[in-house]
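Participant: Just passing along the structure, written as C-alpha cells.
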Amino acid sequence: MDTRLLTAEPDDMRLAADIIGAGGLVAFPTETVYGLGGDAMNPMAASLIYEAKGRPADNPLIVHIADLQQASELAESLPLSFYALAERFWPGPLTMVVPKKPCVPDATTGGLPTVALRMPDHPTALELIRLAATPIAAPSANISGRPSPTRWEHVRDDLAGRIDAIIASGPSAGGIESTVLDLTGPDPVILRPGLIGPQDIERVLDRPVRYDPALADTEERHGAPKAPGMKYRHYAPSADMIVFRGEPEATVQAIEQRREREQKAGRKVGVLVYSGTENRLIAREFFSGLREMDETGVDLILAAAVSEEDPIGFSIMNRMLKAAGYRIEEVGV
Ligand code: AMP
Ligand code: MG
C-alpha cells in the first residue's frame with residue numbers, strides 16, 4: 001500500500017476525511033502524540049488499526065470526538081463528573097471512560113462494555129473529525145511496543161506502507177499520551193498517568209482521585225532489576241535500557257561509571273540525562289529521544305530518572321520504566 005503524505009490544507013483534509021469515511025486509516029497530529037485514526041463506528045476500520053499496529057485485540061482504542069453531542073451518542077450514560085471535567089479540560093489531554101451504547105462496535109472497545117472518549121486540543125484533529133462526520137478511533141500511530149510518535153516522521157518510519165495516509169504537521173506539543181480516567185466506578189480512577197494529574201481532577205470534582213494500584217512501580221510488584229524484554233516492555237527502543245534513580249549527582253556518576261565499563265566491554269552506549277530541564281519539556285522530548293538513540297545504533301541506553309513529585313514527572317517515569325522493562329538501578333541505597 002502506498003501511504004500518501006498529506007498537509008492540513010482544505011483539499012488534503014477533504015481527502016483524509018473521505019479515506020476515513022471509506023473505512024481507511026489516516027494518521028493525524030494531536031497535542032499529545034500522533035494518532036492512527038479510523039472510523040470508530042466501523043468494526044472493519046477498527047480491525048485494520050489493530051492489524052497495522054500489530055496491537056493486541058484486547059487493548060481498547062480511544063475514541064476522539066469534536067463536540068459533546070458525539071459523547072452522548074456514544075455513551076449509555078454520562079455522569080455529572082464527566083460534564084464538569086469536559087468543561088474544564090476539553091479540548092485537552094484527558095480521556096474519560098464511560099459505559100458505551102450498543103452502537104459502538106466491540107472491535108473498537110476491545111470487547112469492553114465501556115468506551116474511552118477524548119476531545120483533542122489540535123485544530124487539525126478536530127477538523128478531521130468534523131469533516132469525516134464520525135467519531136475517530138485512534139491509538140498512538142506507532143508499531144505496538146515502540147515509543148509513541150511525536151513527529152510525523154516517526155509515523156512514517158513505523159507505518160509507511162501499512163496505512164492510507166499521514167497528515168504531516170509539526171511536533172506534538174505534549175509529547176506523552178493522555179491521562180486515562182475511569183468514571184464507571186464509585187470513585188474516579190486514573191488508569192494511565194498523563195499531563196493532567198489527580199490533583200487537577202480533584203480540584204474540579206471536589207473528591208479524591210487515585211491512581212490505579214497497578215501503576216505502582218514498586219520493586220515488590222515488578223521485582224528488582226530484571227532482564228530486558230520481559231512482558232511489561234512497552235514504548236521501548238530496540239536497545240536495552242537501564243534507569244538509574246537516586247540523588248542527581250550520584251546518579252550521573254553511577255551512569256558515567258557504568259558507561260565506561262560497558263564501553264570497555266565493547267558495547268555502544270547512549271546516555272539520557274535531563275538535569276536542570278523542566279518536566280514539561282522532558283515529556284515533549286522523551287519519546288523522540290528514545291527513537292534518536294535507536295537511530296544512532298546504540299546497544300544500551302543508560303537513563304537518569306526524573307523527579308516524580310509532579311504528575312508530569314510521574315507520567316514520564318511510568319513510560320521510562322516500561323521502556324526499560326523495569327530495569328532499575330537504585331543509586332546510593
Ligand atoms: P493508546 O491509544 O495506544 O495511547 O492507548 C489507549 C489507552 O486507553 C490504553 O491504555 C487503553 O487500555 C486505554 N483505554 C481505551 N479504552 C478503554 C476502556 N474502555 N477502558 C479502559 N481503558 C481504556
Ligand atoms: Mg500507544
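Residues are named by chain letter and number: chains run A, B, ... in the order of the C-alpha cells, numbers start at 1 in each chain, and ligands are numbered from 1 in the order shown.
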At a cut-off of 8 Å around ligand 1, and using only C-alpha atoms and all ligand atoms, what residues come up? Please write them as a PyMOL selection string.
Facilitator: chain A and resi 35+59-63+95+97-98+109-110+112-117+138-141+144+148+177-178+180+182+191-192
Participant: Quick one: everything within 6 Å of Gly145 in chain A, counting only C-alpha atoms, minus sequence neighbours fewer than 4 positions away in the same chain. Send it as a list of chain:residue names.
Facilitator: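 The neighbour list is A:His234, A:Tyr235, A:Ala236.
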Participant: Keeping only N, CA, C and O atoms, write the selected residues to a file as a short mmCIF file (atom, residue, chain, number, x, y, z; two decimals), in the first residue's frame.
Facilitator:
```
data_model
loop_
_atom_site.label_atom_id
_atom_site.label_comp_id
_atom_site.auth_asym_id
_atom_site.auth_seq_id
_atom_site.Cartn_x
_atom_site.Cartn_y
_atom_site.Cartn_z
N HIS A 234 7.36 -1.84 26.82
CA HIS A 234 6.37 -1.11 26.05
C HIS A 234 7.01 0.25 25.81
O HIS A 234 7.89 0.62 26.56
N TYR A 235 6.61 0.98 24.79
CA TYR A 235 7.24 2.26 24.49
C TYR A 235 8.74 2.06 24.26
O TYR A 235 9.53 2.96 24.51
N ALA A 236 9.13 0.88 23.84
CA ALA A 236 10.52 0.51 24.01
C ALA A 236 11.39 0.79 22.79
O ALA A 236 10.98 0.55 21.66
#
```
Participant: Between CA of Leu300 in chain A and CA of Val269 in chain A, what distance in Å does the model show, to one decimal?
Facilitator: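 Between CA of Leu300 in chain A and CA of Val269 in chain A the gap works out to 4.9 Å.
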Participant: Measure the distance from CA of Arg156 in chain A to CA of Gly289 in chain A in Å and round it to one decimal.
Facilitator: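 That distance, rounded to one decimal, is 16.7 Å.
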Participant: Give me the residues near Pro102 in chain A as a list in words, where near means some atom within 12 Å (using only C-alpha atoms) and where sequence neighbours in that chain fewer than 3 positions away do not count.
Facilitator: Met41, Glu73, Leu74, Ala75, Glu76, Ser77, Pro99, Pro105, Asp106, Ala107, Thr108, Thr109, Gly111, Leu112, Pro113, Thr114 and Val115 of chain A
Participant: Using only N, CA and C atoms, please write the residues we just selected to a file, as a PDB file, in the first residue's frame.
Facilitator:
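The resulting file, selection15.pdb, is reproduced below:
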```
ATOM      1  N   MET A  41     -17.025   3.882  14.349  1.00  0.00           N
ATOM      2  CA  MET A  41     -18.293   3.156  14.259  1.00  0.00           C
ATOM      3  C   MET A  41     -18.222   1.996  13.273  1.00  0.00           C
ATOM      4  N   GLU A  73     -23.986  10.508  21.982  1.00  0.00           N
ATOM      5  CA  GLU A  73     -24.376   9.471  21.024  1.00  0.00           C
ATOM      6  C   GLU A  73     -23.634   8.150  21.264  1.00  0.00           C
ATOM      7  N   LEU A  74     -22.494   8.226  21.944  1.00  0.00           N
ATOM      8  CA  LEU A  74     -21.667   7.030  22.142  1.00  0.00           C
ATOM      9  C   LEU A  74     -21.823   6.423  23.530  1.00  0.00           C
ATOM     10  N   ALA A  75     -22.161   7.259  24.518  1.00  0.00           N
ATOM     11  CA  ALA A  75     -22.189   6.795  25.915  1.00  0.00           C
ATOM     12  C   ALA A  75     -23.612   6.459  26.333  1.00  0.00           C
ATOM     13  N   GLU A  76     -23.766   5.355  27.048  1.00  0.00           N
ATOM     14  CA  GLU A  76     -25.063   4.941  27.569  1.00  0.00           C
ATOM     15  C   GLU A  76     -25.550   5.961  28.593  1.00  0.00           C
ATOM     16  N   SER A  77     -24.601   6.426  29.422  1.00  0.00           N
ATOM     17  CA  SER A  77     -24.937   7.468  30.398  1.00  0.00           C
ATOM     18  C   SER A  77     -23.673   8.265  30.663  1.00  0.00           C
ATOM     19  N   PRO A  99     -19.722   4.151  30.263  1.00  0.00           N
ATOM     20  CA  PRO A  99     -20.425   2.998  29.671  1.00  0.00           C
ATOM     21  C   PRO A  99     -20.775   3.277  28.217  1.00  0.00           C
ATOM     22  N   PRO A 105     -18.958  -0.350  18.219  1.00  0.00           N
ATOM     23  CA  PRO A 105     -18.561  -1.735  17.949  1.00  0.00           C
ATOM     24  C   PRO A 105     -17.614  -2.294  19.011  1.00  0.00           C
ATOM     25  N   ASP A 106     -17.785  -3.597  19.307  1.00  0.00           N
ATOM     26  CA  ASP A 106     -16.869  -4.273  20.225  1.00  0.00           C
ATOM     27  C   ASP A 106     -15.434  -4.214  19.721  1.00  0.00           C
ATOM     28  N   ALA A 107     -15.277  -4.205  18.405  1.00  0.00           N
ATOM     29  CA  ALA A 107     -13.918  -4.159  17.842  1.00  0.00           C
ATOM     30  C   ALA A 107     -13.198  -2.883  18.277  1.00  0.00           C
ATOM     31  N   THR A 108     -13.955  -1.798  18.486  1.00  0.00           N
ATOM     32  CA  THR A 108     -13.353  -0.524  18.898  1.00  0.00           C
ATOM     33  C   THR A 108     -12.963  -0.540  20.372  1.00  0.00           C
ATOM     34  N   THR A 109     -13.766  -1.207  21.206  1.00  0.00           N
ATOM     35  CA  THR A 109     -13.537  -1.154  22.660  1.00  0.00           C
ATOM     36  C   THR A 109     -12.849  -2.419  23.187  1.00  0.00           C
ATOM     37  N   GLY A 111     -13.884  -5.304  23.122  1.00  0.00           N
ATOM     38  CA  GLY A 111     -14.874  -6.169  23.764  1.00  0.00           C
ATOM     39  C   GLY A 111     -15.394  -5.645  25.088  1.00  0.00           C
ATOM     40  N   LEU A 112     -14.917  -4.478  25.528  1.00  0.00           N
ATOM     41  CA  LEU A 112     -15.359  -3.933  26.820  1.00  0.00           C
ATOM     42  C   LEU A 112     -16.738  -3.280  26.684  1.00  0.00           C
ATOM     43  N   PRO A 113     -17.503  -3.236  27.795  1.00  0.00           N
ATOM     44  CA  PRO A 113     -18.807  -2.567  27.770  1.00  0.00           C
ATOM     45  C   PRO A 113     -18.675  -1.051  27.945  1.00  0.00           C
ATOM     46  N   THR A 114     -17.424  -0.567  27.962  1.00  0.00           N
ATOM     47  CA  THR A 114     -17.172   0.862  28.165  1.00  0.00           C
ATOM     48  C   THR A 114     -16.474   1.448  26.943  1.00  0.00           C
ATOM     49  N   VAL A 115     -16.512   2.778  26.843  1.00  0.00           N
ATOM     50  CA  VAL A 115     -15.794   3.440  25.749  1.00  0.00           C
ATOM     51  C   VAL A 115     -14.987   4.595  26.330  1.00  0.00           C
TER      52      VAL A 115
END
```
Participant: Which residues are near Leu290 in chain A? Cut-off 8 Å, only C-alpha atoms, ignore same chain within fewer than 4 positions. Put them as an mmCIF file with N, CA and C atoms, in the first residue's frame.
Facilitator:
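As a result, result37.cif now contains:
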```
data_model
loop_
_atom_site.group_PDB
_atom_site.id
_atom_site.type_symbol
_atom_site.label_atom_id
_atom_site.label_comp_id
_atom_site.auth_asym_id
_atom_site.auth_seq_id
_atom_site.Cartn_x
_atom_site.Cartn_y
_atom_site.Cartn_z
ATOM 1 N N PRO A 147 8.257 3.270 20.910
ATOM 2 C CA PRO A 147 7.944 4.588 21.500
ATOM 3 C C PRO A 147 6.849 5.301 20.705
ATOM 4 N N ALA A 236 9.127 0.882 23.845
ATOM 5 C CA ALA A 236 10.522 0.507 24.009
ATOM 6 C C ALA A 236 11.386 0.787 22.789
ATOM 7 N N PRO A 237 12.616 1.268 23.032
ATOM 8 C CA PRO A 237 13.614 1.340 21.977
ATOM 9 C C PRO A 237 14.112 -0.070 21.680
ATOM 10 N N PHE A 286 10.790 13.140 25.281
ATOM 11 C CA PHE A 286 11.161 11.811 25.768
ATOM 12 C C PHE A 286 11.121 10.731 24.682
ATOM 13 N N ASP A 294 17.989 4.934 19.095
ATOM 14 C CA ASP A 294 17.964 3.767 18.212
ATOM 15 C C ASP A 294 18.612 4.082 16.871
#
```
Participant: Take CA of Ile328 in chain A and CA of Ser307 in chain A and report the distance between them in Å, one decimal.
Facilitator: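 Result for CA of Ile328 in chain A versus CA of Ser307 in chain A: 14.7 Å, one decimal.
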Participant: Go through A:Phe28, A:Phe314, A:Tyr83, A:Phe89 one by one, measure the shortest atom-to-atom distance of each to Pro149 in chain A using only C-alpha atoms, and give the residue with the smallest value.
Facilitator: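 Selected residue with least distance to Pro149 in chain A: A:Phe28.
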Participant: List the spatial neighbours of Arg267 in chain A as a PyMOL selection string - criterion: any atom at most 10 Å away, only C-alpha atoms, same-chain residues fewer than 6 positions off excluded.
Facilitator: chain A and resi 259-261+298-300
Participant: From the options A:Val271, A:Ala8, A:Leu128, A:Leu36, which residue's atoms come nearest to ligand 2, counting only C-alpha atoms and all ligand atoms?
Facilitator: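 Among A:Val271, A:Ala8, A:Leu128, A:Leu36, it is A:Leu36 that comes nearest to ligand 2.
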Participant: Write down as an NGL selection string the residues belonging to range 1-242 of chain A that are assigned strand (DSSP E or B) by DSSP computed on the backbone.
Facilitator: :A and (4-6 or 26-28 or 35-39 or 62-64 or 75 or 94-100 or 114-118 or 136-137 or 140 or 165-167 or 179-182 or 189-192 or 210-211 or 240-242)
Participant: Counting only C-alpha atoms, figure out which residue out of A:Pro188, A:Ala304, A:Thr296, A:Gly24 gets nearest to Val204 in chain A.
Facilitator: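 Ranking A:Pro188, A:Ala304, A:Thr296, A:Gly24 by distance to Val204 in chain A, first place goes to A:Pro188.
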